[in-house]
Structure formats: structure tokens, C-alpha cells
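Below is work-v7.pdb, holding PDB, C-alpha atoms, pLDDT in the B column.
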```pdb
ATOM      1  CA  MET A  23     122.794  91.472  98.571  1.00 80.00           C
ATOM      2  CA  ASN A  24     124.897  94.178  96.930  1.00 91.00           C
ATOM      3  CA  THR A  25     124.175  97.894  96.550  1.00 93.00           C
ATOM      4  CA  ARG A  26     122.904  97.577  92.962  1.00 92.00           C
ATOM      5  CA  GLN A  27     120.428  94.839  93.937  1.00 94.00           C
ATOM      6  CA  VAL A  28     119.102  96.858  96.872  1.00 94.00           C
ATOM      7  CA  LEU A  29     118.549  99.922  94.653  1.00 96.00           C
ATOM      8  CA  ASN A  30     116.902  97.812  91.952  1.00 94.00           C
ATOM      9  CA  ASN A  31     114.499  96.412  94.572  1.00 94.00           C
ATOM     10  CA  LEU A  32     113.725  99.885  95.868  1.00 94.00           C
ATOM     11  CA  ILE A  33     113.028 101.297  92.408  1.00 94.00           C
ATOM     12  CA  GLU A  34     110.269  98.689  92.069  1.00 94.00           C
ATOM     13  CA  VAL A  35     108.271 100.334  94.879  1.00 95.00           C
ATOM     14  CA  GLU A  36     105.177 101.983  93.417  1.00 94.00           C
ATOM     15  CA  GLY A  37     105.617 105.724  92.962  1.00 95.00           C
ATOM     16  CA  ILE A  38     109.426 105.801  93.125  1.00 96.00           C
ATOM     17  CA  ILE A  39     111.028 107.033  89.904  1.00 95.00           C
ATOM     18  CA  GLY A  40     114.652 107.339  90.954  1.00 95.00           C
ATOM     19  CA  VAL A  41     117.055 106.430  93.743  1.00 96.00           C
ATOM     20  CA  VAL A  42     120.530 107.786  94.324  1.00 96.00           C
ATOM     21  CA  PHE A  43     123.001 106.392  96.851  1.00 96.00           C
ATOM     22  CA  VAL A  44     125.488 109.147  97.546  1.00 96.00           C
ATOM     23  CA  GLY A  45     128.491 109.655  99.801  1.00 95.00           C
ATOM     24  CA  ARG A  46     128.465 112.482 102.322  1.00 93.00           C
ATOM     25  CA  ASP A  47     130.881 114.244  99.965  1.00 93.00           C
ATOM     26  CA  GLY A  48     128.138 114.508  97.314  1.00 92.00           C
ATOM     27  CA  PHE A  49     129.578 111.959  94.903  1.00 94.00           C
ATOM     28  CA  VAL A  50     127.166 109.349  93.553  1.00 95.00           C
ATOM     29  CA  ILE A  51     128.014 105.795  94.578  1.00 95.00           C
ATOM     30  CA  GLU A  52     125.176 104.088  92.676  1.00 95.00           C
ATOM     31  CA  SER A  53     121.801 104.993  91.218  1.00 95.00           C
ATOM     32  CA  ALA A  54     118.764 103.426  89.579  1.00 95.00           C
ATOM     33  CA  GLY A  55     115.605 104.643  87.932  1.00 91.00           C
ATOM     34  CA  GLU A  56     114.359 106.772  85.107  1.00 81.00           C
ATOM     35  CA  ASN A  57     116.937 108.388  82.862  1.00 80.00           C
ATOM     36  CA  ARG A  58     115.279 111.780  83.209  1.00 81.00           C
ATOM     37  CA  ILE A  59     116.565 112.032  86.778  1.00 88.00           C
ATOM     38  CA  ASP A  60     119.854 113.963  86.919  1.00 91.00           C
ATOM     39  CA  THR A  61     121.538 111.709  89.455  1.00 92.00           C
ATOM     40  CA  GLU A  62     124.598 113.936  89.841  1.00 93.00           C
ATOM     41  CA  ALA A  63     122.406 116.952  90.666  1.00 94.00           C
ATOM     42  CA  VAL A  64     120.223 114.927  93.040  1.00 93.00           C
ATOM     43  CA  GLY A  65     123.312 113.598  94.813  1.00 93.00           C
ATOM     44  CA  ALA A  66     124.935 116.994  95.208  1.00 94.00           C
ATOM     45  CA  LEU A  67     121.802 118.883  96.247  1.00 94.00           C
ATOM     46  CA  VAL A  68     120.517 116.230  98.648  1.00 95.00           C
ATOM     47  CA  THR A  69     123.910 116.171 100.335  1.00 95.00           C
ATOM     48  CA  ILE A  70     123.851 119.944 100.796  1.00 95.00           C
ATOM     49  CA  ALA A  71     120.302 119.849 102.199  1.00 95.00           C
ATOM     50  CA  PHE A  72     120.982 116.890 104.470  1.00 95.00           C
ATOM     51  CA  ASN A  73     124.131 118.490 105.866  1.00 93.00           C
ATOM     52  CA  ALA A  74     122.159 121.687 106.586  1.00 95.00           C
ATOM     53  CA  TYR A  75     119.558 119.689 108.511  1.00 94.00           C
ATOM     54  CA  GLU A  76     122.344 117.905 110.383  1.00 92.00           C
ATOM     55  CA  ARG A  77     123.745 121.278 111.493  1.00 94.00           C
ATOM     56  CA  MET A  78     120.267 122.427 112.539  1.00 95.00           C
ATOM     57  CA  GLY A  79     119.686 119.275 114.596  1.00 94.00           C
ATOM     58  CA  LYS A  80     123.013 119.612 116.347  1.00 93.00           C
ATOM     59  CA  GLY A  81     122.534 123.348 116.906  1.00 94.00           C
ATOM     60  CA  LEU A  82     119.156 122.748 118.544  1.00 96.00           C
ATOM     61  CA  ASN A  83     120.403 119.719 120.518  1.00 96.00           C
ATOM     62  CA  LEU A  84     118.031 117.435 118.616  1.00 95.00           C
ATOM     63  CA  GLY A  85     120.664 114.953 117.484  1.00 91.00           C
ATOM     64  CA  ALA A  86     121.603 113.828 114.007  1.00 89.00           C
ATOM     65  CA  ALA A  87     119.193 114.034 111.084  1.00 90.00           C
ATOM     66  CA  ALA A  88     117.680 110.671 110.214  1.00 91.00           C
ATOM     67  CA  GLN A  89     115.385 111.606 107.332  1.00 94.00           C
ATOM     68  CA  ILE A  90     114.353 114.696 105.401  1.00 94.00           C
ATOM     69  CA  MET A  91     111.535 115.025 102.918  1.00 93.00           C
ATOM     70  CA  SER A  92     110.489 117.798 100.546  1.00 92.00           C
ATOM     71  CA  GLU A  93     107.321 117.856  98.495  1.00 92.00           C
ATOM     72  CA  PHE A  94     107.176 119.770  95.238  1.00 92.00           C
ATOM     73  CA  GLU A  95     104.521 120.473  92.632  1.00 92.00           C
ATOM     74  CA  ARG A  96     105.409 117.445  90.495  1.00 91.00           C
ATOM     75  CA  SER A  97     107.529 115.276  92.741  1.00 93.00           C
ATOM     76  CA  MET A  98     108.793 114.423  96.203  1.00 94.00           C
ATOM     77  CA  VAL A  99     112.362 113.911  97.394  1.00 95.00           C
ATOM     78  CA  MET A 100     113.249 111.959 100.505  1.00 95.00           C
ATOM     79  CA  ALA A 101     116.720 111.454 101.924  1.00 96.00           C
ATOM     80  CA  VAL A 102     117.831 109.155 104.730  1.00 96.00           C
ATOM     81  CA  ALA A 103     121.155 108.635 106.416  1.00 94.00           C
ATOM     82  CA  VAL A 104     122.831 105.314 105.686  1.00 95.00           C
ATOM     83  CA  GLY A 105     125.456 104.982 108.358  1.00 90.00           C
ATOM     84  CA  GLU A 106     127.955 107.776 108.881  1.00 88.00           C
ATOM     85  CA  GLU A 107     129.210 107.971 105.318  1.00 91.00           C
ATOM     86  CA  ALA A 108     126.248 107.891 102.921  1.00 95.00           C
ATOM     87  CA  ILE A 109     122.769 109.146 102.112  1.00 96.00           C
ATOM     88  CA  LEU A 110     119.993 107.442 100.179  1.00 97.00           C
ATOM     89  CA  ALA A 111     117.923 109.867  98.097  1.00 96.00           C
ATOM     90  CA  VAL A 112     114.568 108.825  96.673  1.00 96.00           C
ATOM     91  CA  VAL A 113     112.580 110.720  94.050  1.00 96.00           C
ATOM     92  CA  ALA A 114     108.892 109.848  93.784  1.00 95.00           C
ATOM     93  CA  VAL A 115     105.854 111.118  91.925  1.00 94.00           C
ATOM     94  CA  ALA A 116     103.793 113.785  93.692  1.00 90.00           C
ATOM     95  CA  ASN A 117     100.776 111.557  94.377  1.00 90.00           C
ATOM     96  CA  ALA A 118     102.792 108.607  95.724  1.00 92.00           C
ATOM     97  CA  ASN A 119     101.799 106.833  98.936  1.00 93.00           C
ATOM     98  CA  LEU A 120     104.318 108.501 101.244  1.00 91.00           C
ATOM     99  CA  GLY A 121     103.674 106.129 104.145  1.00 92.00           C
ATOM    100  CA  SER A 122     104.482 103.120 102.002  1.00 93.00           C
ATOM    101  CA  ILE A 123     107.550 104.796 100.543  1.00 94.00           C
ATOM    102  CA  ARG A 124     108.835 105.797 103.992  1.00 93.00           C
ATOM    103  CA  PHE A 125     108.419 102.209 105.183  1.00 94.00           C
ATOM    104  CA  GLN A 126     110.246 100.742 102.170  1.00 94.00           C
ATOM    105  CA  VAL A 127     113.008 103.355 102.253  1.00 94.00           C
ATOM    106  CA  LYS A 128     113.658 102.592 105.920  1.00 92.00           C
ATOM    107  CA  ARG A 129     113.747  98.867 105.163  1.00 92.00           C
ATOM    108  CA  TYR A 130     116.077  99.163 102.184  1.00 93.00           C
ATOM    109  CA  SER A 131     118.345 101.735 103.822  1.00 92.00           C
ATOM    110  CA  ARG A 132     119.083  99.144 106.527  1.00 91.00           C
ATOM    111  CA  GLU A 133     119.957  96.669 103.774  1.00 91.00           C
ATOM    112  CA  LEU A 134     122.210  99.260 102.131  1.00 92.00           C
ATOM    113  CA  ALA A 135     124.040  99.769 105.396  1.00 90.00           C
ATOM    114  CA  THR A 136     125.053  96.106 105.338  1.00 88.00           C
ATOM    115  CA  ALA A 137     125.375  95.624 101.563  1.00 79.00           C
ATOM    116  CA  THR A 138     128.661  94.367 100.217  1.00 51.00           C
TER     117      THR A 138
END
```
Would you put the structure from the file into C-alpha cells?
Amino acid sequence: MNTRQVLNNLIEVEGIIGVVFVGRDGFVIESAGENRIDTEAVGALVTIAFNAYERMGKGLNLGAAAQIMSEFERSMVMAVAVGEEAILAVVAVANANLGSIRFQVKRYSRELATAT
């Protein structure tokens, strides 16, 4: 399965409105979802946040960041590491089932890591 197919499968998960697969440099590799999501902004900002959490984890001897999640008034953003070189960012509606989304994101991030 290729990257586009994995993202298209993930966007079908109830509550998810956008997914952005981004390199650690902040550049978008691929995205899927609603057009109202500014994928370039999501990619850049998630990369900055994830890198900050990585530094915190290393500074506190906790290891590398695996997942970060922020809840907002109207939405939720989750980001997970995909190997050493990429991050998967997921934007979901505020009332989404976070347990289900976490499960699916973990599943599909493993598929992304091996996608060709």
C-alpha cells in the first residue's frame, strides 16, 4: 500500500477531518481531507511542536516523543512519529472518539512506515 492509500484509509475514520504526512523538516509529503485544513500550516506547526516535545523528552531522560495531542475548542490535533524522518498529523473534530482515533492512528502510522 502506498502513502496516498494509507492516508485515504485514515481519513475515513469517524471524526478525522484531515491528515498530513510531513517530514521532520516541516515540508508536507502528502495530505488528505477537507480543503479547509491548511496542510502547509499544520505540517509546519506540528513539526515545531513535535520537535519541542522531543527536546523535552531527551532533556528529562524520558526518551523520544512517540505521540503528542492537543485539544482545542473546536478541534483536536494529534501527531505521531513515523520512523526517524516523518510525522503523521491528524486533525479531528472536538467531540471525536479519541480512543478510537488513537488506535487507528497507531495502526496506520505503522503502515506508513512501510509504505512504498
- Name all residues at most 9 Å from Ala88 (chain A) (count all atoms listed in the file; drop same-chain ones fewer than 3 positions away) and give them as number ranges by chain. A: 76, 85, 101-104
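Near Glu93 (chain A), within 10 Å and counting all atoms listed in the file, sit Ser97, Met98, Val99, Met100, Val113, Ala114, Val115, Ala116 and Asn117 of chain A, not including residues fewer than 4 positions from it in the same chain.
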- Message: For a quick check of understanding, using only C-alpha atoms, which of A:Gly79, A:Gly105, A:Gly121, A:Gly65 has the smallest distance to Val44 (chain A)?
- Response: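 Using only C-alpha atoms, Val44 (chain A) sits closest to A:Gly65.
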- Query: If you measure from CA of Ala63 (chain A) to CA of Leu84 (chain A), what distance in Å do you get, rounded to one decimal?
  - Reply: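 If I compute the distance from CA of Ala63 (chain A) to CA of Leu84 (chain A), I get 28.3 Å.
Our summary of the geometry notes that CA of Arg58 (chain A) is positioned 25.5 Å from CA of Arg129 (chain A).
Note on the selection: in this file the PyMOL selection byres ((chain A and resi 54) around 10) comes out as Arg26, Gln27, Val28, Leu29, Asn30, Asn31, Leu32, Ile33, Ile39, Gly40, Val41, Val42, Phe43, Glu52, Ser53, Gly55, Glu56, Asn57, Ile59, Thr61 and Val112 of chain A.
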Do you know which residues lie at most 6 Å from (125.2, 109.3, 101.8), with coordinates as in the file and only C-alpha atoms counted, and could you write them as a PDB file with C-alpha atoms, keeping the file's coordinate frame?
```
ATOM      1  CA  VAL A  44     125.488 109.147  97.546  1.00 96.00           C
ATOM      2  CA  GLY A  45     128.491 109.655  99.801  1.00 95.00           C
ATOM      3  CA  ARG A  46     128.465 112.482 102.322  1.00 93.00           C
ATOM      4  CA  GLU A 107     129.210 107.971 105.318  1.00 91.00           C
ATOM      5  CA  ALA A 108     126.248 107.891 102.921  1.00 95.00           C
ATOM      6  CA  ILE A 109     122.769 109.146 102.112  1.00 96.00           C
ATOM      7  CA  LEU A 110     119.993 107.442 100.179  1.00 97.00           C
TER       8      LEU A 110
END
```
- Non-local contacts of Gly48 (chain A) (8 Å; only C-alpha atoms; under 6 positions in same chain excluded) as a list in words: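 Counting only C-alpha atoms, the residues come to Gly65, Ala66, Leu67, Val68, Thr69 and Ile70 of chain A.
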Limited to C-alpha atoms, could you put the picked residues into a file as a PDB file, in the coordinates of the input?
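Dumped to out_4.pdb:
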```pdb
ATOM      1  CA  GLY A  65     123.312 113.598  94.813  1.00 93.00           C
ATOM      2  CA  ALA A  66     124.935 116.994  95.208  1.00 94.00           C
ATOM      3  CA  LEU A  67     121.802 118.883  96.247  1.00 94.00           C
ATOM      4  CA  VAL A  68     120.517 116.230  98.648  1.00 95.00           C
ATOM      5  CA  THR A  69     123.910 116.171 100.335  1.00 95.00           C
ATOM      6  CA  ILE A  70     123.851 119.944 100.796  1.00 95.00           C
TER       7      ILE A  70
END
```
- Message: So that I can see what lies close to region 134-138 of chain A, please list as a ChimeraX atom specification the residues with an atom at most 6 Å from it, counting all atoms listed in the file and leaving out residues fewer than 6 positions away in the same chain.
- Response: /A:23-25,104
Please, could you write that set of residues out with C-alpha atoms as an mmCIF file, in the frame of the given file?
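Written out: selection18.cif:
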```cif
data_model
loop_
_atom_site.group_PDB
_atom_site.id
_atom_site.type_symbol
_atom_site.label_atom_id
_atom_site.label_comp_id
_atom_site.auth_asym_id
_atom_site.auth_seq_id
_atom_site.Cartn_x
_atom_site.Cartn_y
_atom_site.Cartn_z
ATOM 1 C CA MET A 23 122.794 91.472 98.571
ATOM 2 C CA ASN A 24 124.897 94.178 96.930
ATOM 3 C CA THR A 25 124.175 97.894 96.550
ATOM 4 C CA VAL A 104 122.831 105.314 105.686
#
```
